[in-house]
file data-v2.csv (CSV, C-alpha atoms)
chain,number,residue,atom,x,y,z
G,230,MET,CA,1.5,-6.1,-26.3
G,231,THR,CA,2.8,-9.2,-28.1
G,232,LEU,CA,0.8,-12.2,-29.0
G,233,SER,CA,2.4,-14.3,-26.3
G,234,GLN,CA,1.8,-11.6,-23.7
G,235,ALA,CA,-1.9,-11.4,-24.7
G,236,THR,CA,-2.3,-15.1,-24.5
G,237,SER,CA,-0.6,-15.3,-21.1
G,238,ARG,CA,-2.9,-12.4,-19.9
G,239,ALA,CA,-6.0,-14.2,-21.2
G,240,GLU,CA,-4.9,-17.4,-19.4
G,241,VAL,CA,-4.4,-15.5,-16.2
G,242,ASP,CA,-7.8,-13.8,-16.5
G,243,ALA,CA,-9.3,-17.2,-17.0
G,244,ILE,CA,-7.6,-18.5,-13.8
G,245,ILE,CA,-8.8,-15.4,-11.9
G,246,GLY,CA,-12.3,-16.1,-13.1
G,247,ARG,CA,-12.2,-19.6,-11.8
G,248,ALA,CA,-10.8,-18.5,-8.5
G,249,LEU,CA,-13.5,-15.9,-8.1
G,250,ALA,CA,-16.1,-18.5,-8.9
G,251,GLY,CA,-14.9,-20.4,-5.8
G,252,ASP,CA,-12.4,-22.8,-7.3
G,253,GLN,CA,-9.6,-23.1,-4.8
G,254,ALA,CA,-7.2,-24.6,-7.4
G,255,GLY,CA,-7.4,-21.3,-9.2
G,256,TYR,CA,-5.7,-19.6,-6.2
G,257,ALA,CA,-3.0,-22.3,-6.0
G,258,GLU,CA,-2.4,-21.9,-9.7
G,259,LEU,CA,-2.0,-18.1,-9.4
G,260,TYR,CA,0.4,-18.6,-6.5
G,261,ASP,CA,2.5,-21.2,-8.4
G,262,ARG,CA,2.7,-18.8,-11.3
G,263,PHE,CA,3.9,-15.7,-9.5
G,264,ALA,CA,5.3,-16.7,-6.1
G,265,ALA,CA,8.8,-17.3,-7.2
G,266,SER,CA,9.3,-14.1,-9.1
G,267,LEU,CA,7.6,-12.1,-6.3
G,268,TYR,CA,9.8,-13.7,-3.7
G,269,ARG,CA,12.9,-12.8,-5.8
G,270,LEU,CA,11.7,-9.2,-6.1
G,271,CYS,CA,11.1,-8.9,-2.3
G,272,PHE,CA,14.5,-10.5,-1.5
G,273,SER,CA,16.3,-8.2,-3.9
G,274,LEU,CA,14.7,-5.2,-2.4
G,275,LEU,CA,15.1,-6.2,1.3
G,276,MET,CA,18.1,-8.5,1.2
G,277,ASN,CA,16.6,-10.5,4.0
G,278,GLU,CA,15.0,-13.9,3.6
G,279,GLN,CA,12.6,-13.6,6.6
G,280,ASP,CA,11.3,-10.2,5.5
G,281,ALA,CA,10.9,-11.4,1.9
G,282,GLU,CA,8.9,-14.4,3.1
G,283,ASP,CA,6.7,-12.2,5.2
G,284,ILE,CA,6.1,-9.7,2.4
G,285,LEU,CA,5.3,-12.5,0.0
G,286,GLN,CA,2.7,-13.9,2.3
G,287,GLU,CA,1.2,-10.6,3.1
G,288,SER,CA,1.0,-9.6,-0.6
G,289,PHE,CA,-0.7,-12.8,-1.6
G,290,LEU,CA,-3.1,-12.6,1.3
G,291,TYR,CA,-4.1,-9.0,0.3
G,292,ALA,CA,-4.3,-9.9,-3.3
G,293,PHE,CA,-6.5,-13.0,-2.8
G,294,LYS,CA,-8.8,-11.1,-0.5
G,295,ASN,CA,-9.1,-8.3,-3.0
G,296,LEU,CA,-9.0,-10.3,-6.2
G,297,HIS,CA,-12.5,-9.1,-7.1
G,298,ARG,CA,-11.1,-5.5,-7.2
G,299,TYR,CA,-8.4,-6.3,-9.7
G,300,ASP,CA,-9.2,-4.8,-13.1
G,301,SER,CA,-7.4,-6.6,-15.9
G,302,GLY,CA,-8.1,-3.6,-18.2
G,303,LYS,CA,-5.8,-1.3,-16.1
G,304,ALA,CA,-2.8,-3.5,-15.5
G,305,SER,CA,-1.6,-7.1,-15.7
G,306,LEU,CA,-1.9,-9.2,-12.6
G,307,LYS,CA,1.9,-9.4,-12.4
G,308,THR,CA,2.2,-5.6,-12.3
G,309,TRP,CA,-0.7,-5.4,-9.7
G,310,LEU,CA,1.1,-8.0,-7.5
G,311,TYR,CA,4.4,-6.2,-7.9
G,312,THR,CA,2.8,-2.9,-6.9
G,313,ILE,CA,1.4,-4.5,-3.7
G,314,ALA,CA,4.7,-6.1,-2.9
G,315,VAL,CA,6.8,-3.0,-3.6
G,316,SER,CA,4.5,-0.9,-1.4
G,317,ARG,CA,4.9,-3.4,1.5
G,318,CYS,CA,8.7,-3.5,1.0
G,319,ARG,CA,8.7,0.3,1.2
G,320,ASN,CA,6.9,0.1,4.5
G,321,THR,CA,9.4,-2.4,5.7
G,322,TYR,CA,12.5,-0.4,4.9
G,323,ARG,CA,10.8,2.7,6.2
G,324,ARG,CA,10.4,0.8,9.5
G,325,LYS,CA,13.9,-0.3,9.5
G,326,ARG,CA,15.2,3.0,8.3
G,327,PHE,CA,18.3,1.6,6.9
G,328,LEU,CA,19.1,-1.7,5.1
G,329,THR,CA,20.8,-4.3,7.2
G,330,VAL,CA,22.7,-6.8,5.2
G,331,ASP,CA,23.3,-10.1,6.8
G,332,ILE,CA,26.8,-11.2,5.9
G,333,SER,CA,25.9,-14.8,6.7
G,334,GLN,CA,23.2,-14.7,4.0
G,335,TRP,CA,25.8,-13.5,1.5
G,336,LEU,CA,28.0,-16.4,2.4
G,337,GLY,CA,25.2,-18.8,2.2
G,338,PHE,CA,23.9,-17.3,-1.1
G,339,GLU,CA,24.7,-19.2,-4.2
G,340,LEU,CA,23.7,-18.8,-7.8
G,341,ARG,CA,22.4,-21.9,-9.3
G,342,ALA,CA,25.3,-23.3,-11.2
G,343,PRO,CA,25.4,-26.2,-13.7
G,344,ASP,CA,26.5,-29.4,-12.1
G,345,ALA,CA,29.5,-29.6,-14.4
G,346,GLU,CA,30.7,-26.2,-13.4
G,347,ALA,CA,34.3,-26.0,-12.3
G,348,PRO,CA,35.0,-24.8,-8.8
G,349,GLU,CA,36.9,-21.8,-10.1
G,350,THR,CA,33.9,-20.7,-12.2
G,351,ALA,CA,31.5,-21.3,-9.3
G,352,ALA,CA,33.7,-19.2,-7.1
G,353,ILE,CA,33.7,-16.4,-9.6
G,354,ARG,CA,30.0,-16.6,-9.9
G,355,ARG,CA,29.6,-16.4,-6.2
G,356,ASP,CA,31.9,-13.4,-6.0
G,357,ALA,CA,30.0,-11.7,-8.7
G,358,ALA,CA,26.7,-12.3,-6.9
G,359,GLU,CA,28.1,-10.9,-3.7
G,360,SER,CA,29.4,-7.8,-5.5
G,361,ILE,CA,26.1,-7.2,-7.2
G,362,GLN,CA,24.3,-7.6,-3.9
G,363,GLN,CA,26.6,-5.2,-2.2
G,364,ALA,CA,26.3,-2.7,-5.0
G,365,LEU,CA,22.5,-3.0,-4.8
G,366,ALA,CA,22.6,-2.4,-1.1
G,367,GLU,CA,24.4,0.8,-1.6
G,368,LEU,CA,21.7,2.2,-3.9
G,369,SER,CA,18.9,4.3,-2.5
G,370,PRO,CA,15.6,2.4,-2.3
G,371,ARG,CA,14.0,4.0,-5.3
G,372,LEU,CA,17.0,3.3,-7.5
G,373,ARG,CA,17.3,-0.2,-6.2
G,374,GLU,CA,13.6,-0.8,-7.1
G,375,ALA,CA,14.1,0.5,-10.6
G,376,ILE,CA,17.2,-1.6,-11.2
G,377,VAL,CA,15.7,-4.8,-9.8
G,378,LEU,CA,12.5,-4.3,-11.7
G,379,ARG,CA,14.3,-3.6,-14.9
G,380,TYR,CA,17.1,-6.2,-14.9
G,381,GLY,CA,16.0,-8.6,-12.2
G,382,GLN,CA,12.4,-8.9,-13.4
G,383,GLY,CA,12.7,-7.8,-17.0
G,384,LEU,CA,9.8,-5.2,-16.8
G,385,THR,CA,9.4,-2.6,-19.4
G,386,TYR,CA,9.8,1.1,-18.4
G,387,ARG,CA,6.0,1.5,-18.6
G,388,GLU,CA,5.5,-1.4,-16.2
G,389,ILE,CA,8.2,-0.1,-13.9
G,390,ALA,CA,6.4,3.3,-13.9
G,391,GLU,CA,3.1,1.5,-13.0
G,392,VAL,CA,4.7,-0.5,-10.2
G,393,MET,CA,6.7,2.4,-8.7
G,394,GLY,CA,3.8,4.9,-9.1
G,395,CYS,CA,5.8,7.5,-11.1
G,396,PRO,CA,5.9,8.8,-14.7
G,397,GLN,CA,7.6,6.7,-17.3
G,398,LYS,CA,10.4,9.3,-17.8
G,399,THR,CA,11.1,9.2,-14.0
G,400,ALA,CA,11.3,5.4,-14.2
G,401,GLU,CA,13.8,5.7,-17.1
G,402,SER,CA,16.0,8.2,-15.4
G,403,ARG,CA,16.0,6.1,-12.2
G,404,VAL,CA,17.1,3.0,-14.1
G,405,ARG,CA,19.8,5.1,-15.8
G,406,LEU,CA,21.0,6.6,-12.5
G,407,GLY,CA,20.9,3.2,-10.8
G,408,HIS,CA,22.9,1.8,-13.7
G,409,GLN,CA,25.5,4.5,-13.3
G,410,ARG,CA,25.8,4.0,-9.6
G,411,MET,CA,26.0,0.2,-10.0
G,412,ARG,CA,28.8,0.7,-12.5
G,413,ARG,CA,30.7,2.9,-10.2
G,414,SER,CA,30.3,0.5,-7.3
G,415,LEU,CA,31.2,-2.5,-9.3
G,416,GLN,CA,34.2,-0.8,-10.9
G,417,SER,CA,35.5,0.2,-7.5
G,418,GLU,CA,35.4,-3.6,-6.7
G,419,GLY,CA,37.9,-4.1,-9.4
G,420,GLN,CA,37.9,-4.1,-13.2
G,421,GLY,CA,39.6,-7.5,-13.1
G,422,LEU,CA,36.5,-9.2,-11.7
G,423,LEU,CA,34.4,-7.8,-14.4
G,424,GLU,CA,36.7,-9.0,-17.1
G,425,GLU,CA,36.8,-12.4,-15.5
G,426,LEU,CA,33.0,-12.4,-15.5
G,427,LEU,CA,32.8,-11.5,-19.1
G,428,LYS,CA,35.1,-14.4,-19.9
G,429,VAL,CA,32.8,-16.9,-18.1
H,212,MET,CA,29.5,19.6,-29.7
H,213,PHE,CA,32.0,17.1,-28.4
H,214,LYS,CA,30.7,17.2,-24.8
H,215,PHE,CA,27.1,17.1,-26.0
H,216,LYS,CA,27.8,14.0,-27.9
H,217,HIS,CA,29.4,12.2,-24.9
H,218,ARG,CA,26.5,13.3,-22.7
H,219,TYR,CA,23.9,12.3,-25.2
H,220,ALA,CA,25.4,8.8,-25.7
H,221,LYS,CA,25.9,8.3,-21.9
H,222,VAL,CA,22.3,9.3,-21.1
H,223,HIS,CA,20.7,7.1,-23.7
H,224,MET,CA,23.1,4.1,-23.5
H,225,ALA,CA,21.2,2.0,-21.1
H,226,ARG,CA,18.0,2.2,-23.2
H,227,TYR,CA,20.1,1.7,-26.3
H,228,LEU,CA,21.4,-1.5,-24.9
H,229,SER,CA,18.0,-2.7,-23.9
H,230,GLY,CA,16.5,-1.8,-27.3
H,231,ASP,CA,14.0,0.7,-25.8
H,232,LEU,CA,15.0,3.8,-27.8
H,233,PRO,CA,12.9,5.2,-30.6
H,234,ASP,CA,14.4,4.9,-34.1
H,235,VAL,CA,15.8,8.4,-34.5
H,236,THR,CA,17.6,8.4,-31.1
H,237,ARG,CA,18.9,4.9,-31.6
H,238,ARG,CA,20.4,5.7,-34.9
H,239,ARG,CA,22.0,8.8,-33.5
H,240,VAL,CA,23.5,6.9,-30.5
H,241,ALA,CA,24.8,4.2,-32.9
H,242,ARG,CA,26.5,6.8,-35.0
H,243,PHE,CA,28.2,8.3,-32.0
H,244,ILE,CA,29.4,4.9,-30.9
H,245,ASP,CA,30.8,4.2,-34.4
H,246,GLU,CA,32.5,7.5,-34.8
H,247,CYS,CA,33.7,8.4,-31.3
H,248,GLN,CA,36.2,6.5,-29.2
H,249,TYR,CA,34.9,7.9,-25.9
H,250,CYS,CA,31.3,6.9,-26.8
H,251,TYR,CA,32.5,3.4,-27.9
H,252,ASP,CA,34.3,2.9,-24.5
H,253,GLU,CA,31.2,4.1,-22.7
H,254,PHE,CA,29.2,1.6,-24.8
H,255,LEU,CA,31.5,-1.3,-23.8
H,256,ARG,CA,31.5,-0.3,-20.1
H,257,GLN,CA,27.7,-0.1,-19.9
H,258,ARG,CA,27.2,-3.2,-21.9
H,259,SER,CA,29.4,-5.2,-19.5
H,260,ILE,CA,27.4,-3.9,-16.6
H,261,THR,CA,24.1,-4.5,-18.3
H,262,ASP,CA,25.1,-8.1,-19.2
H,263,GLU,CA,26.2,-8.7,-15.6
H,264,LEU,CA,23.0,-7.3,-14.2
H,265,ARG,CA,20.9,-9.3,-16.6
H,266,ARG,CA,22.8,-12.5,-15.8
H,267,ASN,CA,23.0,-12.2,-12.1
H,268,LEU,CA,20.0,-10.3,-10.8
H,269,PRO,CA,17.4,-12.8,-11.9
H,270,ALA,CA,19.2,-15.4,-9.8
H,271,LEU,CA,19.3,-13.2,-6.7
H,272,GLY,CA,17.2,-14.7,-4.0
H,273,ARG,CA,15.7,-17.5,-6.1
H,274,PRO,CA,13.6,-19.5,-3.6
H,275,ASP,CA,13.5,-23.3,-3.4
H,276,ASP,CA,10.2,-25.2,-3.6
H,277,GLN,CA,10.2,-26.1,0.0
H,278,ARG,CA,10.2,-22.5,1.1
H,279,LEU,CA,7.4,-21.6,-1.3
H,280,ASN,CA,5.4,-24.6,-0.2
H,281,SER,CA,5.7,-23.6,3.5
H,282,ILE,CA,4.6,-20.0,2.6
H,283,TRP,CA,1.6,-21.4,0.7
H,284,LEU,CA,0.6,-23.6,3.6
H,285,SER,CA,0.6,-20.7,6.0
H,286,LEU,CA,-1.2,-18.6,3.5
H,287,GLN,CA,-3.9,-21.2,3.3
H,288,THR,CA,-4.2,-21.3,7.1
H,289,GLU,CA,-4.6,-17.5,7.2
H,290,LEU,CA,-7.1,-17.5,4.4
H,291,ALA,CA,-9.3,-20.4,5.6
H,292,PRO,CA,-11.2,-18.8,8.5
H,293,ALA,CA,-11.9,-15.5,6.7
H,294,SER,CA,-12.7,-17.0,3.4
H,295,GLY,CA,-15.0,-19.9,4.0
H,296,PRO,CA,-16.1,-21.6,0.8
H,297,ALA,CA,-14.6,-19.0,-1.6
H,298,ILE,CA,-11.7,-16.6,-1.0
H,299,GLY,CA,-12.3,-12.9,-1.7
H,300,HIS,CA,-15.3,-12.6,-3.9
H,301,ASN,CA,-17.9,-14.1,-1.7
H,302,HIS,CA,-16.1,-13.1,1.4
H,303,LYS,CA,-18.6,-12.0,4.0
H,304,MET,CA,-17.6,-8.7,5.6
H,305,PRO,CA,-17.3,-9.1,9.4
H,306,ALA,CA,-19.8,-7.0,11.5
H,307,SER,CA,-18.7,-3.5,11.8
H,308,PRO,CA,-17.4,-2.6,15.3
H,309,ASN,CA,-19.6,0.5,15.2
H,310,LEU,CA,-22.7,-1.7,14.8
H,311,GLY,CA,-21.6,-3.6,17.9
H,312,TYR,CA,-21.2,-0.5,20.0
H,313,GLY,CA,-24.6,0.7,18.8
H,314,LEU,CA,-26.3,-2.5,19.9
H,315,ILE,CA,-24.6,-2.3,23.3
H,316,LEU,CA,-25.8,1.4,23.7
H,317,ILE,CA,-29.4,0.4,22.7
H,318,ALA,CA,-29.4,-2.4,25.2
H,319,LEU,CA,-28.1,0.0,28.0
H,320,ALA,CA,-30.7,2.6,27.1
H,321,THR,CA,-33.5,0.0,27.2
H,322,LEU,CA,-32.2,-1.2,30.6
H,323,LEU,CA,-32.1,2.4,32.0
H,324,LEU,CA,-35.5,3.2,30.6
H,325,SER,CA,-37.1,0.1,32.1
H,326,LEU,CA,-35.4,0.8,35.5
H,327,THR,CA,-36.7,4.4,35.4
H,328,VAL,CA,-40.3,3.3,34.5
H,329,GLY,CA,-40.1,0.7,37.2
H,330,LEU,CA,-39.0,3.3,39.7
H,331,HIS,CA,-41.9,5.6,38.8
H,332,SER,CA,-44.5,2.9,39.0
H,333,SER,CA,-43.1,1.9,42.4
H,334,LEU,CA,-43.3,5.5,43.5
H,335,TYR,CA,-47.0,5.6,42.5
H,336,ALA,CA,-47.6,2.4,44.3
H,337,VAL,CA,-46.6,4.0,47.7
H,338,ASP,CA,-49.6,5.0,49.8
H,339,LEU,CA,-49.5,8.8,50.2
H,340,PRO,CA,-51.1,10.4,53.3
H,341,GLN,CA,-54.6,11.8,52.8
H,342,ARG,CA,-55.0,15.4,52.2
H,343,PRO,CA,-56.4,17.3,55.2
H,344,PRO,CA,-60.1,18.2,54.8
H,345,LEU,CA,-60.8,21.8,53.9
H,346,VAL,CA,-61.5,24.0,56.8
H,347,ARG,CA,-64.7,25.9,56.3
H,348,LEU,CA,-64.6,29.2,58.0
H,349,ALA,CA,-67.8,30.5,59.3
H,350,MET,CA,-68.6,33.9,57.8
H,351,THR,CA,-70.8,36.5,59.4
H,352,PRO,CA,-73.7,37.9,57.3
H,353,GLU,CA,-71.8,41.3,57.2
H,354,ALA,CA,-68.7,39.7,55.8
H,355,LEU,CA,-70.7,37.9,53.2
H,356,ALA,CA,-72.4,41.1,52.0
H,357,LEU,CA,-69.1,42.9,51.8
H,358,THR,CA,-67.7,40.1,49.7
H,359,GLU,CA,-70.6,40.2,47.3
H,360,ARG,CA,-70.1,44.0,46.8
H,361,VAL,CA,-66.3,44.0,46.4
H,362,ALA,CA,-66.0,41.0,44.1
H,363,PRO,CA,-67.5,42.6,41.0
H,364,LEU,CA,-65.3,45.7,41.5
H,365,HIS,CA,-62.2,43.5,41.5
H,366,THR,CA,-63.1,41.8,38.2
H,367,GLN,CA,-63.7,45.2,36.5
H,368,SER,CA,-60.6,47.1,35.2
H,369,ARG,CA,-59.8,50.5,36.4
H,370,VAL,CA,-60.6,52.0,33.0
H,371,GLU,CA,-64.0,50.3,32.8
H,372,ARG,CA,-64.8,51.7,36.2
H,373,GLY,CA,-64.1,55.2,34.9
H,374,GLY,CA,-61.6,55.8,37.6
H,375,PRO,CA,-58.6,58.1,37.0
H,376,LEU,CA,-55.3,56.5,36.2
H,377,LEU,CA,-53.5,58.8,38.5
H,378,LYS,CA,-51.3,58.0,41.4
H,379,ASN,CA,-52.5,58.8,44.8
H,380,THR,CA,-56.1,58.3,43.8
H,381,PRO,CA,-58.1,57.9,46.9
H,382,VAL,CA,-59.5,54.4,47.5
H,383,PRO,CA,-63.3,54.5,47.2
H,384,ASN,CA,-65.0,54.1,50.4
H,385,LEU,CA,-66.9,50.9,49.9
H,386,ILE,CA,-67.9,50.4,53.5
H,387,HIS,CA,-70.8,52.6,54.5
call {"tool": "encode", "arguments": {"input": "data-v2.csv", "output": "structure tokens"}}
result
Amino acid sequence: MTLSQATSRAEVDAIIGRALAGDQAGYAELYDRFAASLYRLCFSLLMNEQDAEDILQESFLYAFKNLHRYDSGKASLKTWLYTIAVSRCRNTYRRKRFLTVDISQWLGFELRAPDAEAPETAAIRRDAAESIQQALAELSPRLREAIVLRYGQGLTYREIAEVMGCPQKTAESRVRLGHQRMRRSLQSEGQGLLEELLKV
Amino acid sequence: MFKFKHRYAKVHMARYLSGDLPDVTRRRVARFIDECQYCYDEFLRQRSITDELRRNLPALGRPDDQRLNSIWLSLQTELAPASGPAIGHNHKMPASPNLGYGLILIALATLLLSLTVGLHSSLYAVDLPQRPPLVRLAMTPEALALTERVAPLHTQSRVERGGPLLKNTPVPNLIH
């Protein structure tokens, strides 16, 4: 654990302590700190805004009600929250059986681009995002989780293993397999797009 | 050796690119990339994908503040009735449904018991008809004398009386 990570963890522990002591602002602070990344995780796994919102709300509700059970010695709060959210996402795609991708969401989805970005560059970014989303949707749920946690959330393999509830070696091989499949999907989309992306 | 090298590089490339490999493995993969064209091409391919994923995935589904605020508001609404003054730690557990059923059963049992007791007391309260007076039979002096003689014999066992325990023993003639 690096110094900054330790500091961040100590800060989070202090906020948790305040929240458990009855300070409502503590809960708001925890929400502000983790809600955005948790929402992104849910959206990347479910590819549906409404489902992602529901899971985010459910996860925080569960976490806040069970905050006294959280043990900072075992895992970071981020990992704990991710574990809760991933478990709920799994229930959701078990219920739905297959992933339904809303094309309208793809069309409405835009990467945050700088204001000065040229229309061509923005279009390329949008295409790239769509390709990635499509490639992600083609992955199996476990591989998608591994890829999203690794590249979307920047978790270490150890953290991925904790969140996914599997050995670290399994997490590593899932990331590798997911990486290979993504590469195949994206290459089938066209090498030209990749090259264009690399130029941007 | 050639195939092993390719496979080795391919398997470890993603972790090589993210800097997660231990020193020995990292050096070996780096040497393969330097020396082998196939491994170098693999390195370029995987690097481009990794870069693309790192650049685009974090932006996937980034929520706006309005959306997060609305979720927070509904979260607060859901937490408010259950939490009271403090969420989670001092959260009072709701009464168990089993306890509720138990209380209902106790109430029913008490009701039944009181009904039964009430029924019994009402039964006792009913005036029962008087027992008929005992009818005294007038006995003749002969009959009284006979009763006095026979009664002790009935209370004695057959063995005490010294009588044989055989079948067809004649009944002693008590009436003279």
call {"tool": "atom_distance", "arguments": {"input": "data-v2.csv", "atom1": "CA of Gln363 (chain G)", "atom2": "CA of Glu278 (chain G)"}}
result
15.6 Å
call {"tool": "interface_residues", "arguments": {"input": "data-v2.csv", "of": "chain G", "to": "chain H", "cutoff": "7 Å", "atoms": "all atoms listed in the file", "output": "ChimeraX atom specification"}}
result
/G:249,251,265,268-269,272-273,286,290,293-297,340,358,380-382,405,412
call {"tool": "closest_residue", "arguments": {"input": "data-v2.csv", "among": "G:Arg403, G:Arg247, G:His408, G:Arg371", "to": "Arg319 (chain G)", "atoms": "only C-alpha atoms"}}
result
G:Arg371
call {"tool": "atom_distance", "arguments": {"input": "data-v2.csv", "atom1": "CA of Leu415 (chain G)", "atom2": "CA of Thr321 (chain G)"}}
result
26.5 Å
call {"tool": "closest_residue", "arguments": {"input": "data-v2.csv", "among": "G:Ala314, G:Leu274, G:Leu267, G:Ala304", "to": "Ser288 (chain G)", "atoms": "only C-alpha atoms"}}
result
G:Ala314
call {"tool": "axis_aligned_box", "arguments": {"input": "data-v2.csv", "around": "region 319-330 of chain H", "padding_each_side": "5 Å", "output": "JSON"}}
result
{"center_x": -34.2, "center_y": 1.6, "center_z": 33.4, "size_x": 22.2, "size_y": 15.6, "size_z": 22.6}
call {"tool": "atom_distance", "arguments": {"input": "data-v2.csv", "atom1": "CA of Ser305 (chain G)", "atom2": "CA of Pro396 (chain G)"}}
result
17.6 Å
call {"tool": "closest_residue", "arguments": {"input": "data-v2.csv", "among": "G:Leu275, G:Val377, G:Val241, G:Leu384", "to": "Lys325 (chain G)", "atoms": "only C-alpha atoms"}}
result
G:Leu275
